[in-house]
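The data block below is input.cif; it holds mmCIF, C-alpha atoms.
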data_entry
loop_
_atom_site.label_atom_id
_atom_site.label_comp_id
_atom_site.auth_asym_id
_atom_site.auth_seq_id
_atom_site.Cartn_x
_atom_site.Cartn_y
_atom_site.Cartn_z
CA MET A 25 10.09 53.90 -0.46
CA PRO A 26 7.60 51.00 -0.65
CA LYS A 27 8.50 48.09 -2.88
CA THR A 28 6.25 47.01 -5.75
CA ALA A 29 4.79 43.58 -6.49
CA ILE A 30 2.71 42.18 -9.33
CA VAL A 31 0.33 39.28 -8.62
CA THR A 32 -1.28 37.64 -11.64
CA GLY A 33 -4.64 36.01 -11.04
CA GLY A 34 -4.90 38.01 -7.84
CA SER A 35 -8.66 38.39 -7.44
CA ARG A 36 -9.48 35.19 -5.58
CA GLY A 37 -8.16 32.15 -3.74
CA ILE A 38 -4.40 31.91 -3.36
CA GLY A 39 -3.83 35.06 -5.40
CA GLU A 40 -6.14 37.11 -3.18
CA ALA A 41 -4.41 35.85 -0.03
CA ILE A 42 -1.04 36.85 -1.47
CA VAL A 43 -2.34 40.29 -2.44
CA ARG A 44 -3.67 40.88 1.07
CA MET A 45 -0.40 39.71 2.66
CA LEU A 46 1.71 41.96 0.44
CA SER A 47 -0.50 44.94 1.19
CA LYS A 48 -0.11 44.36 4.94
CA GLU A 49 3.66 44.23 4.40
CA GLY A 50 3.52 47.68 2.84
CA TYR A 51 3.99 46.79 -0.82
CA ASN A 52 2.45 48.67 -3.70
CA VAL A 53 0.48 45.79 -5.22
CA ILE A 54 -0.63 45.37 -8.81
CA LEU A 55 -3.54 42.92 -8.77
CA ASN A 56 -4.00 41.42 -12.20
CA TYR A 57 -7.32 39.85 -13.17
CA ASN A 58 -8.88 38.80 -16.45
CA LYS A 59 -12.56 37.99 -15.82
CA SER A 60 -13.26 38.54 -12.11
CA GLU A 61 -13.63 42.33 -12.16
CA ASP A 62 -16.24 42.48 -9.38
CA LYS A 63 -13.98 40.52 -7.01
CA ALA A 64 -10.96 42.63 -7.93
CA ARG A 65 -12.82 45.88 -7.25
CA LYS A 66 -14.11 44.52 -3.93
CA ILE A 67 -10.56 43.77 -2.81
CA GLN A 68 -9.41 47.19 -3.97
CA LYS A 69 -12.02 48.86 -1.78
CA GLU A 70 -11.00 46.83 1.27
CA ILE A 71 -7.21 47.20 1.30
CA LYS A 72 -4.58 49.87 0.72
CA ASN A 73 -1.73 50.22 -1.75
CA ILE A 74 -3.41 48.32 -4.56
CA ASP A 75 -4.01 48.88 -8.25
CA ILE A 76 -6.14 46.51 -10.31
CA VAL A 77 -5.25 45.80 -13.93
CA LYS A 78 -7.37 43.77 -16.33
CA ALA A 79 -5.20 41.80 -18.74
CA ASP A 80 -5.00 38.33 -20.27
CA VAL A 81 -1.52 37.18 -19.26
CA SER A 82 -1.80 34.11 -21.48
CA THR A 83 -0.84 36.56 -24.24
CA ARG A 84 2.33 38.57 -24.73
CA LYS A 85 0.32 41.78 -25.01
CA GLY A 86 -1.39 41.22 -21.67
CA ALA A 87 1.91 40.69 -19.88
CA LYS A 88 3.50 43.69 -21.58
CA ASP A 89 0.56 45.93 -20.67
CA ILE A 90 0.76 45.04 -16.96
CA VAL A 91 4.50 45.69 -16.78
CA GLU A 92 4.25 48.99 -18.66
CA ILE A 93 1.46 50.22 -16.37
CA THR A 94 3.46 49.21 -13.29
CA LEU A 95 6.71 50.84 -14.42
CA ASN A 96 4.98 54.03 -15.52
CA LYS A 97 3.52 54.47 -12.03
CA TYR A 98 6.11 52.95 -9.69
CA LYS A 99 9.35 52.87 -11.78
CA ASN A 100 10.50 49.52 -10.37
CA ILE A 101 9.23 45.96 -10.00
CA ASP A 102 10.62 44.14 -6.97
CA VAL A 103 8.42 41.03 -6.82
CA LEU A 104 6.53 39.00 -9.42
CA ILE A 105 4.05 36.32 -8.38
CA ASN A 106 2.94 34.14 -11.31
CA ASN A 107 -0.33 32.79 -9.95
CA ALA A 108 -2.75 32.97 -12.90
CA GLY A 109 -4.07 29.54 -13.73
CA ILE A 110 -6.99 27.28 -14.58
CA SER A 111 -7.76 23.62 -13.97
CA GLN A 112 -9.68 20.97 -15.88
CA THR A 113 -10.41 17.31 -15.22
CA LYS A 114 -10.55 15.15 -18.35
CA LEU A 115 -9.46 11.76 -19.57
CA PHE A 116 -6.23 12.14 -21.53
CA THR A 117 -7.89 10.71 -24.65
CA ASP A 118 -10.64 13.38 -24.42
CA ILE A 119 -8.31 16.39 -24.20
CA THR A 120 -8.78 18.50 -27.33
CA ASP A 121 -6.21 20.70 -29.03
CA GLU A 122 -8.10 23.69 -27.66
CA ASP A 123 -8.06 22.28 -24.12
CA TRP A 124 -4.31 21.66 -24.36
CA ASN A 125 -3.43 25.05 -25.82
CA THR A 126 -5.63 26.96 -23.37
CA MET A 127 -4.10 25.12 -20.41
CA ILE A 128 -0.50 25.59 -21.53
CA ASN A 129 -1.00 29.24 -22.46
CA THR A 130 -2.81 30.15 -19.25
CA ASN A 131 -0.73 28.16 -16.77
CA LEU A 132 2.74 28.14 -18.36
CA SER A 133 3.12 30.63 -21.20
CA SER A 134 1.79 33.35 -18.90
CA ALA A 135 4.74 32.80 -16.55
CA PHE A 136 7.15 32.88 -19.50
CA TYR A 137 5.70 36.16 -20.79
CA MET A 138 5.61 37.82 -17.37
CA CYS A 139 9.17 36.78 -16.50
CA GLN A 140 10.49 38.08 -19.80
CA GLU A 141 8.69 41.40 -19.40
CA VAL A 142 9.79 42.10 -15.80
CA LEU A 143 13.39 40.92 -16.11
CA PRO A 144 14.86 43.96 -17.90
CA ASN A 145 13.93 46.12 -14.89
CA MET A 146 15.14 43.54 -12.37
CA LEU A 147 18.39 43.00 -14.26
CA HIS A 148 18.99 46.74 -14.38
CA ASN A 149 18.47 46.95 -10.59
CA LYS A 150 20.40 43.71 -9.93
CA SER A 151 17.61 42.70 -7.59
CA GLY A 152 14.32 40.86 -7.77
CA CYS A 153 12.18 37.98 -6.58
CA ILE A 154 10.03 35.81 -8.84
CA ILE A 155 7.70 33.19 -7.36
CA ASN A 156 5.76 30.77 -9.53
CA ILE A 157 2.67 29.15 -8.01
CA SER A 158 2.96 25.60 -9.23
CA SER A 159 1.19 22.48 -7.89
CA ILE A 160 1.80 19.13 -6.25
CA TRP A 161 0.65 17.66 -9.58
CA GLY A 162 3.64 19.23 -11.30
CA ILE A 163 5.79 17.01 -9.07
CA THR A 164 3.77 13.78 -8.91
CA GLY A 165 1.45 14.01 -11.92
CA ALA A 166 -2.33 13.63 -11.68
CA SER A 167 -4.59 11.14 -13.40
CA CYS A 168 -7.19 12.84 -15.59
CA GLU A 169 -5.26 16.12 -15.34
CA VAL A 170 -2.36 15.43 -17.69
CA HIS A 171 -2.38 18.83 -19.39
CA TYR A 172 -2.59 20.61 -16.02
CA SER A 173 0.26 18.50 -14.62
CA VAL A 174 2.42 19.16 -17.67
CA ALA A 175 1.90 22.92 -17.41
CA LYS A 176 2.80 22.96 -13.71
CA ALA A 177 5.84 20.72 -14.26
CA GLY A 178 6.88 23.21 -16.93
CA MET A 179 6.65 26.03 -14.39
CA ASP A 180 9.01 24.12 -12.11
CA GLY A 181 11.43 23.60 -14.99
CA LEU A 182 11.29 27.29 -15.81
CA THR A 183 11.94 28.07 -12.14
CA LYS A 184 15.09 25.99 -11.85
CA SER A 185 16.57 26.98 -15.19
CA LEU A 186 15.87 30.70 -14.82
CA ALA A 187 17.22 30.71 -11.27
CA LYS A 188 20.59 29.55 -12.60
CA GLU A 189 20.59 32.16 -15.33
CA VAL A 190 19.67 35.23 -13.31
CA GLY A 191 21.20 34.29 -9.96
CA PRO A 192 24.42 36.23 -10.71
CA SER A 193 22.22 39.36 -10.98
CA ASN A 194 20.84 38.78 -7.46
CA ILE A 195 17.43 37.73 -8.78
CA ARG A 196 15.85 34.77 -7.01
CA VAL A 197 13.33 32.46 -8.71
CA ASN A 198 11.37 29.84 -6.79
CA SER A 199 8.18 27.79 -7.08
CA ILE A 200 5.59 27.04 -4.46
CA ALA A 201 3.76 23.77 -5.13
CA PRO A 202 0.54 23.67 -3.08
CA GLY A 203 -1.37 20.50 -2.36
CA ILE A 204 -5.13 20.69 -1.96
CA ILE A 205 -6.09 24.20 -0.87
CA ASN A 206 -9.51 25.49 0.13
CA THR A 207 -10.24 27.55 -3.01
CA ASP A 208 -12.94 27.78 -5.66
CA MET A 209 -10.84 25.46 -7.83
CA ASN A 210 -11.47 22.59 -5.40
CA LYS A 211 -15.10 23.31 -4.52
CA LYS A 212 -16.19 20.80 -7.14
CA LEU A 213 -14.87 17.99 -4.95
CA SER A 214 -17.54 16.04 -3.09
CA ILE A 215 -17.49 15.67 0.69
CA GLU A 216 -16.49 12.04 0.22
CA ASP A 217 -13.62 12.98 -2.09
CA LYS A 218 -12.35 15.51 0.44
CA LYS A 219 -12.52 12.94 3.25
CA ASN A 220 -10.52 10.47 1.19
CA ILE A 221 -7.87 13.08 0.42
CA ILE A 222 -7.63 14.21 4.05
CA ASN A 223 -7.03 10.59 5.05
CA GLU A 224 -3.93 10.61 2.81
CA ILE A 225 -2.50 13.82 4.28
CA PRO A 226 -0.29 13.42 7.39
CA LEU A 227 -1.56 16.71 8.88
CA GLU A 228 -5.14 15.49 8.24
CA LYS A 229 -6.47 18.76 6.89
CA ILE A 230 -6.90 20.79 3.73
CA GLY A 231 -4.68 23.84 3.39
CA GLU A 232 -5.85 27.45 3.32
CA PRO A 233 -4.80 30.17 0.86
CA GLU A 234 -3.05 31.93 3.74
CA ASP A 235 -0.73 28.93 4.11
CA VAL A 236 0.59 29.61 0.61
CA ALA A 237 0.73 33.37 1.24
CA ASN A 238 2.89 32.70 4.32
CA ALA A 239 5.32 30.70 2.19
CA VAL A 240 5.43 33.56 -0.31
CA LYS A 241 6.21 35.99 2.53
CA TRP A 242 9.10 33.82 3.68
CA LEU A 243 10.57 33.44 0.19
CA ILE A 244 10.42 37.18 -0.43
CA GLY A 245 12.19 37.90 2.84
CA ASP A 246 14.83 35.21 2.38
CA SER A 247 18.05 36.10 0.56
CA TYR A 248 19.66 32.69 -0.04
CA THR A 249 16.96 30.45 -1.49
CA THR A 250 16.60 30.11 -5.26
CA GLY A 251 15.69 27.46 -7.80
CA GLN A 252 13.62 25.57 -5.24
CA ILE A 253 10.20 23.93 -5.40
CA ILE A 254 8.62 24.52 -1.99
CA SER A 255 5.86 22.02 -1.22
CA VAL A 256 2.99 23.39 0.87
CA ASN A 257 0.81 20.29 1.09
CA GLY A 258 0.55 19.00 4.65
CA GLY A 259 2.96 16.21 3.82
CA TRP A 260 0.70 14.74 1.14
CA ASN A 261 3.51 13.53 -1.13
CA ILE A 262 5.99 12.13 1.41
#
Could the structure of this file be written out as structure tokens, please?
Amino acid sequence: MPKTAIVTGGSRGIGEAIVRMLSKEGYNVILNYNKSEDKARKIQKEIKNIDIVKADVSTRKGAKDIVEITLNKYKNIDVLINNAGISQTKLFTDITDEDWNTMINTNLSSAFYMCQEVLPNMLHNKSGCIINISSIWGITGASCEVHYSVAKAGMDGLTKSLAKEVGPSNIRVNSIAPGIINTDMNKKLSIEDKKNIINEIPLEKIGEPEDVANAVKWLIGDSYTTGQIISVNGGWNI
């Protein structure tokens, strides 16, 4: 029987690459989106074993709805990928309460809600894999992206703490912390900015969404890695 995976923020970029990889691996995939319905439907037409679910996972209700829909159809949840996220560049002194709350709710609270909602099923089955898509900035911090960095650092803290708690139930929890990846989120960078960044990366190139998807594939298949922050960044932070 095929296994089932939920991917939040799965309609583009890293999320889309993960959805496509999981489909090729034979998973029943629940692609969650909030605003990008056209992109989600396009992906659904192109690949097999996929359901698309509109929900705002920055809210408890959104997370609960996705899990209920998944369990009603497939009975079990084997893999959760917490990928939903936004970015914003702002001076720390210009960050508003709304900016802060939106960032924390979308990038961190969503992972909290989704983990809490899927865990009863995973605990019952004594099996599961949770992967949080974090960021290099959660490890090193980023100037003019304090709220983003805090949210991603929080994901890494959730990863390590939850891994200790649910490890005895054979549930593995890990983070993947990408560096600069060729996604819509980084299209705002100028050619000059990209050149400067590439000069700092030992592999001298920007990563692709498939690089992150490959790391996800490895973590799902592995049975003895948990509580880890896996850096996929071309050596940028060494």
Report the centre and edge lengths, in Å to one decimal, of an axis-aligned box enclosing every atom of stretch 247-251 of chain A listed in the file, padded by 8 Å on each side, as JSON.
{"center_x": 17.7, "center_y": 31.8, "center_z": -3.6, "size_x": 20.0, "size_y": 24.6, "size_z": 24.4}
- Message: If we draw a sphere of 6 Å around (-1.8, 30.0, -7.3), which residues have at least one atom in it when counting all atoms listed in the file? Please report them as a ChimeraX atom specification.
- Response: /A:38-39,107,157
- Restricting the calculation to all atoms listed in the file, which member of A:His171, A:Lys188, A:Ile163, A:Lys229 is positioned closest to A:Asp121? A:His171
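Rounded to one decimal, atom CA of A:Asp180 and atom CA of A:Gly34 lie 20.1 Å from each other.
With atom CA of A:Ser82 on one side and atom CA of A:Arg196 on the other, the separation reads 22.8 Å.
Proximity to A:Asp102 was assessed for A:Met209, A:Ile244, A:Val174, A:Ile222 counting all atoms listed in the file; the smallest distance is recorded for A:Ile244.
Nearest to A:Val236 of all the residues A:Thr94, A:Ser199, A:Asn223, A:Ser214 is A:Ser199, counting all atoms listed in the file.
Atom CA of A:Tyr248 is found 11.1 Å from atom CA of A:Asn198.
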- Task: Would you list the contacts of A:Val256 as a PyMOL selection string, taking every protein, DNA or RNA residue within 12 Å and counting all atoms listed in the file, but skipping same-chain residues closer than 3 positions in sequence?
- Result: chain A and resi 157-160+199-205+225+227+230-240+253+259-262
Quick one: write out the picked residues with C-alpha atoms as a PDB file, keeping the file's coordinate frame?
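Heads up, here's the output in again.pdb:
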ATOM      1  CA  ILE A 157       2.670  29.150  -8.010  1.00  0.00           C
ATOM      2  CA  SER A 158       2.960  25.600  -9.230  1.00  0.00           C
ATOM      3  CA  SER A 159       1.190  22.480  -7.890  1.00  0.00           C
ATOM      4  CA  ILE A 160       1.800  19.130  -6.250  1.00  0.00           C
ATOM      5  CA  SER A 199       8.180  27.790  -7.080  1.00  0.00           C
ATOM      6  CA  ILE A 200       5.590  27.040  -4.460  1.00  0.00           C
ATOM      7  CA  ALA A 201       3.760  23.770  -5.130  1.00  0.00           C
ATOM      8  CA  PRO A 202       0.540  23.670  -3.080  1.00  0.00           C
ATOM      9  CA  GLY A 203      -1.370  20.500  -2.360  1.00  0.00           C
ATOM     10  CA  ILE A 204      -5.130  20.690  -1.960  1.00  0.00           C
ATOM     11  CA  ILE A 205      -6.090  24.200  -0.870  1.00  0.00           C
ATOM     12  CA  ILE A 225      -2.500  13.820   4.280  1.00  0.00           C
ATOM     13  CA  LEU A 227      -1.560  16.710   8.880  1.00  0.00           C
ATOM     14  CA  ILE A 230      -6.900  20.790   3.730  1.00  0.00           C
ATOM     15  CA  GLY A 231      -4.680  23.840   3.390  1.00  0.00           C
ATOM     16  CA  GLU A 232      -5.850  27.450   3.320  1.00  0.00           C
ATOM     17  CA  PRO A 233      -4.800  30.170   0.860  1.00  0.00           C
ATOM     18  CA  GLU A 234      -3.050  31.930   3.740  1.00  0.00           C
ATOM     19  CA  ASP A 235      -0.730  28.930   4.110  1.00  0.00           C
ATOM     20  CA  VAL A 236       0.590  29.610   0.610  1.00  0.00           C
ATOM     21  CA  ALA A 237       0.730  33.370   1.240  1.00  0.00           C
ATOM     22  CA  ASN A 238       2.890  32.700   4.320  1.00  0.00           C
ATOM     23  CA  ALA A 239       5.320  30.700   2.190  1.00  0.00           C
ATOM     24  CA  VAL A 240       5.430  33.560  -0.310  1.00  0.00           C
ATOM     25  CA  ILE A 253      10.200  23.930  -5.400  1.00  0.00           C
ATOM     26  CA  GLY A 259       2.960  16.210   3.820  1.00  0.00           C
ATOM     27  CA  TRP A 260       0.700  14.740   1.140  1.00  0.00           C
ATOM     28  CA  ASN A 261       3.510  13.530  -1.130  1.00  0.00           C
ATOM     29  CA  ILE A 262       5.990  12.130   1.410  1.00  0.00           C
TER      30      ILE A 262
END
- Query: Could you write out as a PyMOL selection string the residues that the PyMOL selection byres ((chain A and resi 75) around 10) matches in the shown file?
  - Reply: chain A and resi 30+52-56+64-65+67-68+72-74+76-77+93-94
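Counting only C-alpha atoms and comparing A:Thr126, A:Ser111, A:Val31, A:Asp80, the residue that lies closest to A:Asn156 is A:Val31.
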- Query: Which residues match the PyMOL selection byres ((chain A and resi 172) around 10) in the file above, as a list in words?
  - Reply: Gly109, Ile110, Ser111, Gln112, Thr113, Lys114, Asp123, Trp124, Met127, Ile128, Asn131, Leu132, Ser159, Trp161, Gly162, Gly165, Ala166, Cys168, Glu169, Val170, His171, Ser173, Val174, Ala175, Lys176, Ala177 and Gly178 of chain A
Could you add whatever atoms are missing so that stretch 52-78 of chain A carries N, CA and C atoms, then write the result as a tab-separated table (two decimals), in the frame of the given file?
chain	number	residue	atom	x	y	z
A	52	ASN	N	3.37	48.23	-2.65
A	52	ASN	CA	2.45	48.67	-3.70
A	52	ASN	C	2.12	47.42	-4.51
A	53	VAL	N	0.85	47.05	-4.58
A	53	VAL	CA	0.48	45.79	-5.22
A	53	VAL	C	-0.31	46.04	-6.49
A	54	ILE	N	0.11	45.39	-7.55
A	54	ILE	CA	-0.63	45.37	-8.81
A	54	ILE	C	-1.38	44.05	-8.87
A	55	LEU	N	-2.69	44.11	-8.70
A	55	LEU	CA	-3.54	42.92	-8.77
A	55	LEU	C	-4.01	42.77	-10.21
A	56	ASN	N	-3.55	41.72	-10.84
A	56	ASN	CA	-4.00	41.42	-12.20
A	56	ASN	C	-5.19	40.47	-12.16
A	57	TYR	N	-6.18	40.75	-12.99
A	57	TYR	CA	-7.32	39.85	-13.17
A	57	TYR	C	-7.67	39.84	-14.66
A	58	ASN	N	-8.43	38.85	-15.05
A	58	ASN	CA	-8.88	38.80	-16.45
A	58	ASN	C	-10.40	38.88	-16.53
A	59	LYS	N	-11.09	38.05	-15.74
A	59	LYS	CA	-12.56	37.99	-15.82
A	59	LYS	C	-13.27	38.42	-14.54
A	60	SER	N	-12.59	38.31	-13.40
A	60	SER	CA	-13.26	38.54	-12.11
A	60	SER	C	-13.16	39.99	-11.67
A	61	GLU	N	-13.75	40.90	-12.46
A	61	GLU	CA	-13.63	42.33	-12.16
A	61	GLU	C	-14.33	42.69	-10.85
A	62	ASP	N	-15.51	42.14	-10.60
A	62	ASP	CA	-16.24	42.48	-9.38
A	62	ASP	C	-15.42	42.12	-8.14
A	63	LYS	N	-14.79	40.95	-8.15
A	63	LYS	CA	-13.98	40.52	-7.01
A	63	LYS	C	-12.75	41.40	-6.86
A	64	ALA	N	-12.14	41.77	-7.98
A	64	ALA	CA	-10.96	42.63	-7.93
A	64	ALA	C	-11.30	43.99	-7.35
A	65	ARG	N	-12.41	44.55	-7.76
A	65	ARG	CA	-12.82	45.88	-7.25
A	65	ARG	C	-13.19	45.80	-5.77
A	66	LYS	N	-13.77	44.70	-5.35
A	66	LYS	CA	-14.11	44.52	-3.93
A	66	LYS	C	-12.84	44.52	-3.09
A	67	ILE	N	-11.83	43.81	-3.54
A	67	ILE	CA	-10.56	43.77	-2.81
A	67	ILE	C	-9.92	45.15	-2.78
A	68	GLN	N	-10.00	45.85	-3.89
A	68	GLN	CA	-9.41	47.19	-3.97
A	68	GLN	C	-10.04	48.14	-2.96
A	69	LYS	N	-11.33	48.00	-2.73
A	69	LYS	CA	-12.02	48.86	-1.78
A	69	LYS	C	-11.64	48.54	-0.33
A	70	GLU	N	-11.23	47.29	-0.10
A	70	GLU	CA	-11.00	46.83	1.27
A	70	GLU	C	-9.58	47.07	1.76
A	71	ILE	N	-8.60	47.11	0.85
A	71	ILE	CA	-7.21	47.20	1.30
A	71	ILE	C	-6.48	48.34	0.62
A	72	LYS	N	-5.35	48.73	1.21
A	72	LYS	CA	-4.58	49.87	0.72
A	72	LYS	C	-3.51	49.43	-0.28
A	73	ASN	N	-2.91	50.42	-0.90
A	73	ASN	CA	-1.73	50.22	-1.75
A	73	ASN	C	-1.97	49.22	-2.88
A	74	ILE	N	-3.10	49.31	-3.54
A	74	ILE	CA	-3.41	48.32	-4.56
A	74	ILE	C	-3.95	48.99	-5.82
A	75	ASP	N	-3.46	48.51	-6.95
A	75	ASP	CA	-4.01	48.88	-8.25
A	75	ASP	C	-4.53	47.60	-8.89
A	76	ILE	N	-5.64	47.68	-9.60
A	76	ILE	CA	-6.14	46.51	-10.31
A	76	ILE	C	-5.98	46.74	-11.81
A	77	VAL	N	-5.52	45.70	-12.49
A	77	VAL	CA	-5.25	45.80	-13.93
A	77	VAL	C	-5.86	44.59	-14.64
A	78	LYS	N	-6.79	44.84	-15.53
A	78	LYS	CA	-7.37	43.77	-16.33
A	78	LYS	C	-6.45	43.46	-17.50
